[in-house]
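Have a look at input-v5.csv; it's CSV, C-alpha atoms:
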```csv
chain,number,residue,atom,x,y,z
A,198,MET,CA,102.2,-114.6,-29.4
A,199,LYS,CA,98.7,-115.8,-28.3
A,200,ILE,CA,96.9,-118.3,-30.4
A,201,LEU,CA,93.2,-119.2,-30.4
A,202,GLY,CA,91.9,-122.5,-31.8
A,203,VAL,CA,88.2,-122.5,-32.9
A,204,ILE,CA,86.3,-125.6,-33.8
A,205,PRO,CA,83.0,-124.9,-35.6
A,206,ALA,CA,80.4,-127.5,-34.9
A,207,ARG,CA,76.9,-126.4,-35.6
A,208,SER,CA,74.0,-128.8,-35.1
A,209,GLY,CA,72.1,-128.3,-38.3
A,210,SER,CA,74.0,-130.5,-40.8
A,211,VAL,CA,72.2,-131.2,-44.0
A,212,SER,CA,74.1,-134.1,-45.5
A,213,ILE,CA,74.1,-136.2,-42.3
A,214,LYS,CA,71.9,-135.4,-39.3
A,215,ASN,CA,74.0,-134.3,-36.3
A,216,LYS,CA,77.2,-135.1,-38.3
A,217,ASN,CA,79.5,-133.3,-35.9
A,218,ILE,CA,78.5,-135.6,-33.0
A,219,LYS,CA,78.0,-138.8,-35.0
A,220,MET,CA,80.1,-141.6,-33.6
A,221,LEU,CA,83.3,-142.2,-35.5
A,222,ASN,CA,84.8,-145.4,-34.1
A,223,ASP,CA,84.6,-144.8,-30.3
A,224,TYR,CA,83.9,-141.0,-30.1
A,225,PRO,CA,81.8,-138.3,-31.7
A,226,LEU,CA,83.3,-136.8,-34.8
A,227,PHE,CA,84.3,-133.4,-33.3
A,228,TYR,CA,86.2,-135.1,-30.4
A,229,TYR,CA,89.2,-136.0,-32.6
A,230,THR,CA,89.8,-132.4,-33.7
A,231,LEU,CA,89.4,-131.2,-30.1
A,232,LYS,CA,91.6,-133.9,-28.5
A,233,GLN,CA,94.4,-133.5,-31.1
A,234,SER,CA,94.3,-129.7,-30.7
A,235,LEU,CA,94.5,-130.0,-26.9
A,236,ASN,CA,97.3,-132.6,-27.1
A,237,SER,CA,99.3,-130.4,-29.5
A,238,LYS,CA,99.8,-127.7,-26.8
A,239,VAL,CA,100.2,-125.0,-29.5
A,240,PHE,CA,97.1,-123.1,-28.5
A,241,ASP,CA,96.5,-120.7,-25.6
A,242,ARG,CA,92.9,-121.5,-25.7
A,243,ILE,CA,90.6,-123.8,-27.7
A,244,ILE,CA,86.8,-123.3,-28.0
A,245,VAL,CA,84.0,-125.0,-29.8
A,246,SER,CA,81.6,-122.7,-31.7
A,247,THR,CA,78.2,-124.3,-31.7
A,248,ASP,CA,74.5,-123.3,-31.6
A,249,SER,CA,73.6,-126.4,-29.5
A,250,LYS,CA,73.6,-126.7,-25.7
A,251,LYS,CA,74.0,-130.5,-26.1
A,252,TYR,CA,77.1,-130.0,-28.3
A,253,LEU,CA,78.4,-127.4,-25.9
A,254,ASN,CA,78.1,-129.7,-22.9
A,255,LEU,CA,79.8,-132.5,-24.8
A,256,ALA,CA,82.6,-130.2,-25.9
A,257,ASN,CA,83.3,-128.9,-22.4
A,258,LYS,CA,83.2,-132.4,-21.1
A,259,TYR,CA,86.0,-133.4,-23.5
A,260,GLY,CA,88.2,-130.4,-22.5
A,261,ALA,CA,87.0,-127.4,-24.4
A,262,ASN,CA,86.3,-124.2,-22.4
A,263,THR,CA,83.4,-122.5,-24.3
A,264,PRO,CA,81.1,-120.2,-22.2
A,265,PHE,CA,78.8,-119.1,-25.0
A,266,LEU,CA,76.5,-120.4,-27.8
A,267,ARG,CA,76.7,-119.3,-31.4
A,268,PRO,CA,73.6,-117.2,-32.4
A,269,LYS,CA,71.1,-118.7,-34.8
A,270,LYS,CA,71.9,-116.1,-37.5
A,271,LEU,CA,75.4,-117.6,-37.7
A,272,SER,CA,74.2,-121.2,-37.7
A,273,LYS,CA,72.3,-121.3,-41.0
A,274,ASN,CA,73.3,-123.4,-44.1
A,275,ASN,CA,74.4,-120.2,-45.9
A,276,SER,CA,76.2,-118.6,-42.9
A,277,LEU,CA,79.8,-117.6,-43.7
A,278,ALA,CA,82.6,-119.2,-41.8
A,279,THR,CA,84.5,-115.9,-41.6
A,280,ASP,CA,81.6,-114.3,-39.7
A,281,THR,CA,81.2,-117.3,-37.5
A,282,ILE,CA,84.8,-117.5,-36.4
A,283,ALA,CA,85.1,-113.7,-36.1
A,284,TYR,CA,82.1,-113.7,-33.7
A,285,ALA,CA,83.8,-116.6,-31.7
A,286,VAL,CA,87.0,-114.6,-31.4
A,287,LEU,CA,85.4,-111.4,-30.2
A,288,GLN,CA,83.2,-113.3,-27.7
A,289,THR,CA,86.2,-115.2,-26.3
A,290,GLU,CA,88.3,-112.1,-26.0
A,291,LYS,CA,85.5,-110.3,-24.2
A,292,TYR,CA,84.7,-113.2,-21.8
A,293,PHE,CA,88.3,-114.1,-20.9
A,294,ASN,CA,89.6,-110.5,-21.1
A,295,GLU,CA,92.5,-111.5,-23.5
A,296,LYS,CA,93.4,-110.7,-27.1
A,297,TYR,CA,94.9,-113.1,-29.7
A,298,ASP,CA,97.5,-112.7,-32.4
A,299,LEU,CA,96.6,-115.7,-34.4
A,300,VAL,CA,93.3,-117.6,-34.9
A,301,CYS,CA,93.0,-121.1,-36.3
A,302,MET,CA,89.8,-122.6,-37.6
A,303,LEU,CA,89.9,-126.4,-37.2
A,304,GLN,CA,87.0,-128.0,-39.0
A,305,PRO,CA,85.8,-131.2,-37.2
A,306,THR,CA,85.1,-132.9,-40.6
A,307,THR,CA,88.8,-133.3,-41.1
A,308,PRO,CA,89.7,-135.5,-38.2
A,309,LEU,CA,93.0,-137.1,-39.4
A,310,ARG,CA,95.5,-134.5,-38.4
A,311,ILE,CA,98.5,-135.7,-36.4
A,312,LEU,CA,100.3,-133.8,-33.7
A,313,SER,CA,103.3,-132.9,-36.0
A,314,ASP,CA,100.8,-131.1,-38.4
A,315,PHE,CA,99.9,-128.7,-35.6
A,316,LYS,CA,103.5,-128.0,-34.6
A,317,LYS,CA,104.7,-127.5,-38.1
A,318,ILE,CA,102.0,-125.1,-39.2
A,319,ILE,CA,102.3,-122.9,-36.1
A,320,SER,CA,106.1,-122.9,-36.4
A,321,LEU,CA,105.8,-121.9,-40.0
A,322,MET,CA,103.5,-119.1,-39.3
A,323,LYS,CA,105.6,-117.7,-36.5
A,324,LYS,CA,108.6,-117.6,-38.8
A,325,ASN,CA,106.7,-115.8,-41.5
A,326,PHE,CA,104.4,-113.6,-39.4
A,327,THR,CA,105.7,-110.3,-40.8
A,328,ILE,CA,105.4,-111.5,-44.4
A,329,TYR,CA,102.2,-113.6,-44.7
A,330,ASP,CA,98.7,-113.1,-43.4
A,331,SER,CA,97.8,-116.7,-43.2
A,332,ILE,CA,98.6,-120.4,-43.8
A,333,ILE,CA,95.9,-122.7,-45.2
A,334,SER,CA,96.1,-126.5,-45.5
A,335,VAL,CA,95.7,-128.0,-49.0
A,336,VAL,CA,95.9,-131.3,-50.7
A,337,ASP,CA,96.8,-132.2,-54.3
A,338,VAL,CA,93.6,-132.7,-56.3
A,339,ASP,CA,95.3,-135.7,-58.1
A,340,ASN,CA,93.0,-137.0,-60.9
A,341,PHE,CA,90.2,-134.6,-60.0
A,342,HIS,CA,92.0,-131.9,-62.0
A,343,PRO,CA,90.0,-129.0,-63.5
A,344,ILE,CA,91.5,-129.7,-66.9
A,345,LYS,CA,89.7,-133.1,-66.7
A,346,MET,CA,86.4,-131.7,-65.5
A,347,LYS,CA,83.4,-131.1,-67.7
A,348,LYS,CA,80.3,-128.8,-67.7
A,349,ILE,CA,76.9,-129.6,-69.2
A,350,ILE,CA,75.6,-126.6,-71.2
A,351,ASN,CA,72.4,-127.1,-73.1
A,352,SER,CA,72.7,-130.8,-72.7
A,353,GLN,CA,76.1,-130.7,-74.3
A,354,LEU,CA,79.3,-131.9,-72.6
A,355,THR,CA,81.8,-129.0,-72.5
A,356,ASP,CA,85.3,-128.7,-71.1
A,357,TYR,CA,85.4,-126.8,-67.8
A,358,GLU,CA,88.7,-125.3,-68.9
A,359,TYR,CA,90.3,-125.4,-72.3
A,360,TRP,CA,93.4,-127.5,-72.8
A,361,PRO,CA,95.0,-128.2,-76.2
A,362,ILE,CA,95.3,-132.0,-75.6
A,363,GLU,CA,92.2,-134.0,-75.1
A,364,ASN,CA,92.2,-136.2,-72.0
A,365,PRO,CA,95.9,-135.5,-71.1
A,366,PRO,CA,97.9,-137.7,-68.7
A,367,ARG,CA,97.5,-136.4,-65.2
A,368,GLN,CA,101.3,-136.3,-64.8
A,369,THR,CA,101.6,-133.7,-67.6
A,370,LEU,CA,99.2,-131.2,-66.0
A,371,PRO,CA,100.2,-128.3,-63.7
A,372,LYS,CA,99.8,-129.1,-60.0
A,373,VAL,CA,96.5,-128.0,-58.5
A,374,TYR,CA,95.5,-128.0,-54.9
A,375,ILE,CA,92.2,-127.8,-52.9
A,376,VAL,CA,91.7,-126.7,-49.3
A,377,ASN,CA,91.2,-129.8,-47.1
A,378,GLY,CA,89.6,-128.1,-44.1
A,379,ALA,CA,92.2,-129.1,-41.6
A,380,PHE,CA,93.8,-125.7,-40.9
A,381,TYR,CA,92.9,-122.1,-41.6
A,382,LEU,CA,95.5,-120.2,-39.6
A,383,THR,CA,95.1,-116.4,-39.9
A,384,LYS,CA,96.2,-113.2,-38.2
A,385,ARG,CA,93.5,-112.1,-35.9
A,386,ASN,CA,93.3,-108.6,-37.4
A,387,ILE,CA,92.9,-109.9,-40.9
A,388,LEU,CA,90.0,-112.1,-39.9
A,389,ILE,CA,88.3,-109.4,-37.8
A,390,ASN,CA,88.9,-106.4,-40.0
A,391,LYS,CA,89.0,-107.9,-43.5
A,392,LYS,CA,86.6,-110.9,-42.8
A,393,SER,CA,89.1,-113.1,-44.6
A,394,PHE,CA,91.0,-116.3,-43.7
A,395,LYS,CA,93.4,-115.8,-46.6
A,396,GLY,CA,94.4,-112.1,-46.5
A,397,LYS,CA,96.6,-110.7,-49.2
A,398,LYS,CA,99.4,-113.2,-48.9
A,399,SER,CA,98.9,-116.8,-47.8
A,400,LEU,CA,101.3,-119.7,-47.4
A,401,PRO,CA,100.2,-123.3,-48.4
A,402,PHE,CA,100.5,-126.1,-45.9
A,403,VAL,CA,100.4,-129.2,-48.1
A,404,MET,CA,99.0,-132.3,-46.5
A,405,PRO,CA,99.0,-135.9,-47.8
A,406,LYS,CA,95.8,-137.5,-49.1
A,407,GLU,CA,95.6,-140.0,-46.3
A,408,ARG,CA,95.2,-137.2,-43.7
A,409,SER,CA,92.9,-135.1,-45.8
A,410,VAL,CA,89.7,-137.0,-45.7
A,411,ASN,CA,87.0,-134.4,-45.4
A,412,ILE,CA,83.8,-135.9,-44.1
A,413,ASP,CA,80.6,-135.0,-46.0
A,414,ASN,CA,78.7,-138.3,-46.3
A,415,ILE,CA,78.5,-141.8,-44.9
A,416,LEU,CA,81.1,-143.1,-47.3
A,417,ASP,CA,83.6,-140.5,-46.0
A,418,PHE,CA,82.8,-141.7,-42.5
A,419,LYS,CA,83.7,-145.2,-43.4
A,420,LEU,CA,86.9,-144.1,-45.1
A,421,ALA,CA,87.9,-141.9,-42.1
A,422,ALA,CA,87.3,-144.8,-39.7
A,423,LEU,CA,89.6,-147.1,-41.6
A,424,MET,CA,92.3,-144.4,-42.0
A,425,MET,CA,92.1,-143.5,-38.3
A,426,LYS,CA,92.9,-147.1,-37.4
A,427,LYS,CA,95.7,-147.2,-39.9
A,428,LEU,CA,97.2,-143.9,-38.7
A,429,LYS,CA,96.6,-144.9,-35.1
A,430,ILE,CA,95.0,-141.6,-34.3
A,431,ILE,CA,93.9,-141.6,-30.6
```

Encoded form (structure tokens):
Amino acid sequence: MKILGVIPARSGSVSIKNKNIKMLNDYPLFYYTLKQSLNSKVFDRIIVSTDSKKYLNLANKYGANTPFLRPKKLSKNNSLATDTIAYAVLQTEKYFNEKYDLVCMLQPTTPLRILSDFKKIISLMKKNFTIYDSIISVVDVDNFHPIKMKKIINSQLTDYEYWPIENPPRQTLPKVYIVNGAFYLTKRNILINKKSFKGKKSLPFVMPKERSVNIDNILDFKLAALMMKKLKII
């Protein structure tokens, strides 16, 4: 079973300029995802999907093997990740003359994975390959529960979702999870033919909060830097 890891790292970040190469502790942000992916030894090949020659040169310097740039039409703010990763898969297969069974999107904005995460999710997918189309990493939303969320409609505060008890204790609510961006592990044919990471049947890979920091702003950077030292990642 051949597995391709794809790290999407476009240059046009809106929230933070050049976010994917912004320094986090001693290295650019994307480095941690690339290095941990290489160290895990669960992938047959790892590439970085980027629209920037500067990013590409950095990625290859740190151990990626990416011979192509992502086209501009797949590098916009509204470009779909499924299209971007599917393009990367087809280009990689064409260039290296090989075909994959599984594809894993590894977002660089979730840099706190540990090696056992890689090994566990790949092992789980191999065991369930005939039953499930994908495994996606998630984290408990904790107190950011949809039952506790509100909408503002015509200047009026309105419940996002009805619940018979006002402001219920979090512990009494059903468990809800959100994707954390660390792993989207999908059968190659589901991604290419259905343009879906999830497919019809998907397994959850539940990760703890301390390894689920998803970087979108400067505060997230600071939190990730602290957690990285605590977890002794690289």

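You will find CA of Phe380 in chain A at 24.5 Å from CA of Lys269 in chain A.
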
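Shell of Lys391 in chain A at 12 Å, with all atoms listed in the file counted and residues fewer than 4 places along the chain excluded, is Thr279, Asp280, Ala283, Asp330, Thr383, Lys384, Arg385, Asn386, Ile387, Lys395, Gly396 and Lys397 of chain A.
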
Surrounding residues of Ile415 in chain A excluding itself and chain neighbours under 4 positions, 10 Å, all atoms listed in the file, as an mmCIF file with C-alpha atoms, keeping the file's coordinate frame:
```
data_model
loop_
_atom_site.group_PDB
_atom_site.id
_atom_site.type_symbol
_atom_site.label_atom_id
_atom_site.label_comp_id
_atom_site.auth_asym_id
_atom_site.auth_seq_id
_atom_site.Cartn_x
_atom_site.Cartn_y
_atom_site.Cartn_z
ATOM 1 C CA SER A 212 74.100 -134.100 -45.500
ATOM 2 C CA ILE A 213 74.100 -136.200 -42.300
ATOM 3 C CA LYS A 216 77.200 -135.100 -38.300
ATOM 4 C CA LYS A 419 83.700 -145.200 -43.400
ATOM 5 C CA LEU A 420 86.900 -144.100 -45.100
ATOM 6 C CA ALA A 421 87.900 -141.900 -42.100
#
```

Exercise for review: Pick out the residues sitting within 8 Å of range 201-206 of chain A, and hand them over as number ranges by chain; count all atoms listed in the file, and ignore anything fewer than 2 positions along from it in its own chain.
Suggested key: A: 199, 208, 217, 227, 230-231, 234, 240-248, 252, 282, 285-286, 297, 299-305

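Atom pair CA of Arg207 in chain A / CA of Lys427 in chain A has a distance of 28.4 Å (rounded to one decimal).
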
**Study point:** Best match for closeness to Tyr381 in chain A among A:Ile318, A:Leu266, A:Val410, A:Leu309, counting all atoms listed in the file
**Key:** A:Ile318

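Residues in contact range of Ser313 in chain A, defined as at most 12 Å between all atoms listed in the file, with sequence neighbours fewer than 2 positions away removed, read Gln233, Ser234, Asn236, Ser237, Lys238, Val239, Leu309, Arg310, Ile311, Phe315, Lys316, Lys317, Ile318, Ile319, Ser320, Leu321, Met404 and Arg408 of chain A.
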
Go ahead and write the selection's residues with C-alpha atoms as a PDB file, keeping the file's coordinate frame.
```
ATOM      1  CA  GLN A 233      94.400-133.500 -31.100  1.00  0.00           C
ATOM      2  CA  SER A 234      94.300-129.700 -30.700  1.00  0.00           C
ATOM      3  CA  ASN A 236      97.300-132.600 -27.100  1.00  0.00           C
ATOM      4  CA  SER A 237      99.300-130.400 -29.500  1.00  0.00           C
ATOM      5  CA  LYS A 238      99.800-127.700 -26.800  1.00  0.00           C
ATOM      6  CA  VAL A 239     100.200-125.000 -29.500  1.00  0.00           C
ATOM      7  CA  LEU A 309      93.000-137.100 -39.400  1.00  0.00           C
ATOM      8  CA  ARG A 310      95.500-134.500 -38.400  1.00  0.00           C
ATOM      9  CA  ILE A 311      98.500-135.700 -36.400  1.00  0.00           C
ATOM     10  CA  PHE A 315      99.900-128.700 -35.600  1.00  0.00           C
ATOM     11  CA  LYS A 316     103.500-128.000 -34.600  1.00  0.00           C
ATOM     12  CA  LYS A 317     104.700-127.500 -38.100  1.00  0.00           C
ATOM     13  CA  ILE A 318     102.000-125.100 -39.200  1.00  0.00           C
ATOM     14  CA  ILE A 319     102.300-122.900 -36.100  1.00  0.00           C
ATOM     15  CA  SER A 320     106.100-122.900 -36.400  1.00  0.00           C
ATOM     16  CA  LEU A 321     105.800-121.900 -40.000  1.00  0.00           C
ATOM     17  CA  MET A 404      99.000-132.300 -46.500  1.00  0.00           C
ATOM     18  CA  ARG A 408      95.200-137.200 -43.700  1.00  0.00           C
TER      19      ARG A 408
END
```

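Taking CA of Met220 in chain A and CA of Lys251 in chain A as the two end points, the separation is 14.7 Å.
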
**Study point:** Near-range 354-361 of chain A list (12 Å; all atoms listed in the file; drop same-chain fewer than 5 positions) as a VMD selection string
**Key:** chain A and resid 342 to 349 366 369 to 371

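Nearest to Gln288 in chain A of all the residues A:Thr306, A:Ser272, A:Thr263, A:Thr327 is A:Thr263, counting all atoms listed in the file.
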
Could you add the missing atoms to range 211-228 of chain A, up to N, CA and C atoms, and return them as a PDB file, in the coordinates of the input?
```pdb
ATOM      1  N   VAL A 211      73.147-130.780 -42.996  1.00  0.00           N
ATOM      2  CA  VAL A 211      72.200-131.200 -44.000  1.00  0.00           C
ATOM      3  C   VAL A 211      72.475-132.593 -44.521  1.00  0.00           C
ATOM      4  N   SER A 212      73.745-132.838 -44.844  1.00  0.00           N
ATOM      5  CA  SER A 212      74.100-134.100 -45.500  1.00  0.00           C
ATOM      6  C   SER A 212      73.919-135.300 -44.538  1.00  0.00           C
ATOM      7  N   ILE A 213      74.282-135.138 -43.257  1.00  0.00           N
ATOM      8  CA  ILE A 213      74.100-136.200 -42.300  1.00  0.00           C
ATOM      9  C   ILE A 213      73.610-135.518 -40.983  1.00  0.00           C
ATOM     10  N   LYS A 214      72.481-135.988 -40.456  1.00  0.00           N
ATOM     11  CA  LYS A 214      71.900-135.400 -39.300  1.00  0.00           C
ATOM     12  C   LYS A 214      72.894-135.482 -38.091  1.00  0.00           C
ATOM     13  N   ASN A 215      73.107-134.353 -37.416  1.00  0.00           N
ATOM     14  CA  ASN A 215      74.000-134.300 -36.300  1.00  0.00           C
ATOM     15  C   ASN A 215      75.400-134.864 -36.600  1.00  0.00           C
ATOM     16  N   LYS A 216      75.877-134.506 -37.781  1.00  0.00           N
ATOM     17  CA  LYS A 216      77.200-135.100 -38.300  1.00  0.00           C
ATOM     18  C   LYS A 216      78.302-134.829 -37.290  1.00  0.00           C
ATOM     19  N   ASN A 217      78.374-133.656 -36.693  1.00  0.00           N
ATOM     20  CA  ASN A 217      79.500-133.300 -35.900  1.00  0.00           C
ATOM     21  C   ASN A 217      79.609-134.121 -34.560  1.00  0.00           C
ATOM     22  N   ILE A 218      78.481-134.740 -34.165  1.00  0.00           N
ATOM     23  CA  ILE A 218      78.500-135.600 -33.000  1.00  0.00           C
ATOM     24  C   ILE A 218      78.225-137.064 -33.330  1.00  0.00           C
ATOM     25  N   LYS A 219      78.154-137.367 -34.615  1.00  0.00           N
ATOM     26  CA  LYS A 219      78.000-138.800 -35.000  1.00  0.00           C
ATOM     27  C   LYS A 219      79.203-139.565 -34.615  1.00  0.00           C
ATOM     28  N   MET A 220      78.994-140.761 -34.131  1.00  0.00           N
ATOM     29  CA  MET A 220      80.100-141.600 -33.600  1.00  0.00           C
ATOM     30  C   MET A 220      81.022-142.013 -34.768  1.00  0.00           C
ATOM     31  N   LEU A 221      82.284-141.768 -34.588  1.00  0.00           N
ATOM     32  CA  LEU A 221      83.300-142.200 -35.500  1.00  0.00           C
ATOM     33  C   LEU A 221      84.241-143.133 -34.682  1.00  0.00           C
ATOM     34  N   ASN A 222      84.200-144.416 -34.957  1.00  0.00           N
ATOM     35  CA  ASN A 222      84.800-145.400 -34.100  1.00  0.00           C
ATOM     36  C   ASN A 222      84.282-145.241 -32.668  1.00  0.00           C
ATOM     37  N   ASP A 223      85.063-144.761 -31.721  1.00  0.00           N
ATOM     38  CA  ASP A 223      84.600-144.800 -30.300  1.00  0.00           C
ATOM     39  C   ASP A 223      84.129-143.414 -29.793  1.00  0.00           C
ATOM     40  N   TYR A 224      84.248-142.357 -30.620  1.00  0.00           N
ATOM     41  CA  TYR A 224      83.900-141.000 -30.100  1.00  0.00           C
ATOM     42  C   TYR A 224      83.140-140.213 -31.151  1.00  0.00           C
ATOM     43  N   PRO A 225      82.451-139.140 -30.701  1.00  0.00           N
ATOM     44  CA  PRO A 225      81.800-138.300 -31.700  1.00  0.00           C
ATOM     45  C   PRO A 225      82.810-137.568 -32.558  1.00  0.00           C
ATOM     46  N   LEU A 226      82.400-137.267 -33.771  1.00  0.00           N
ATOM     47  CA  LEU A 226      83.300-136.800 -34.800  1.00  0.00           C
ATOM     48  C   LEU A 226      84.183-135.596 -34.297  1.00  0.00           C
ATOM     49  N   PHE A 227      83.558-134.584 -33.670  1.00  0.00           N
ATOM     50  CA  PHE A 227      84.300-133.400 -33.300  1.00  0.00           C
ATOM     51  C   PHE A 227      85.396-133.682 -32.252  1.00  0.00           C
ATOM     52  N   TYR A 228      85.243-134.778 -31.512  1.00  0.00           N
ATOM     53  CA  TYR A 228      86.200-135.100 -30.400  1.00  0.00           C
ATOM     54  C   TYR A 228      87.600-135.210 -30.920  1.00  0.00           C
TER      55      TYR A 228
END
```
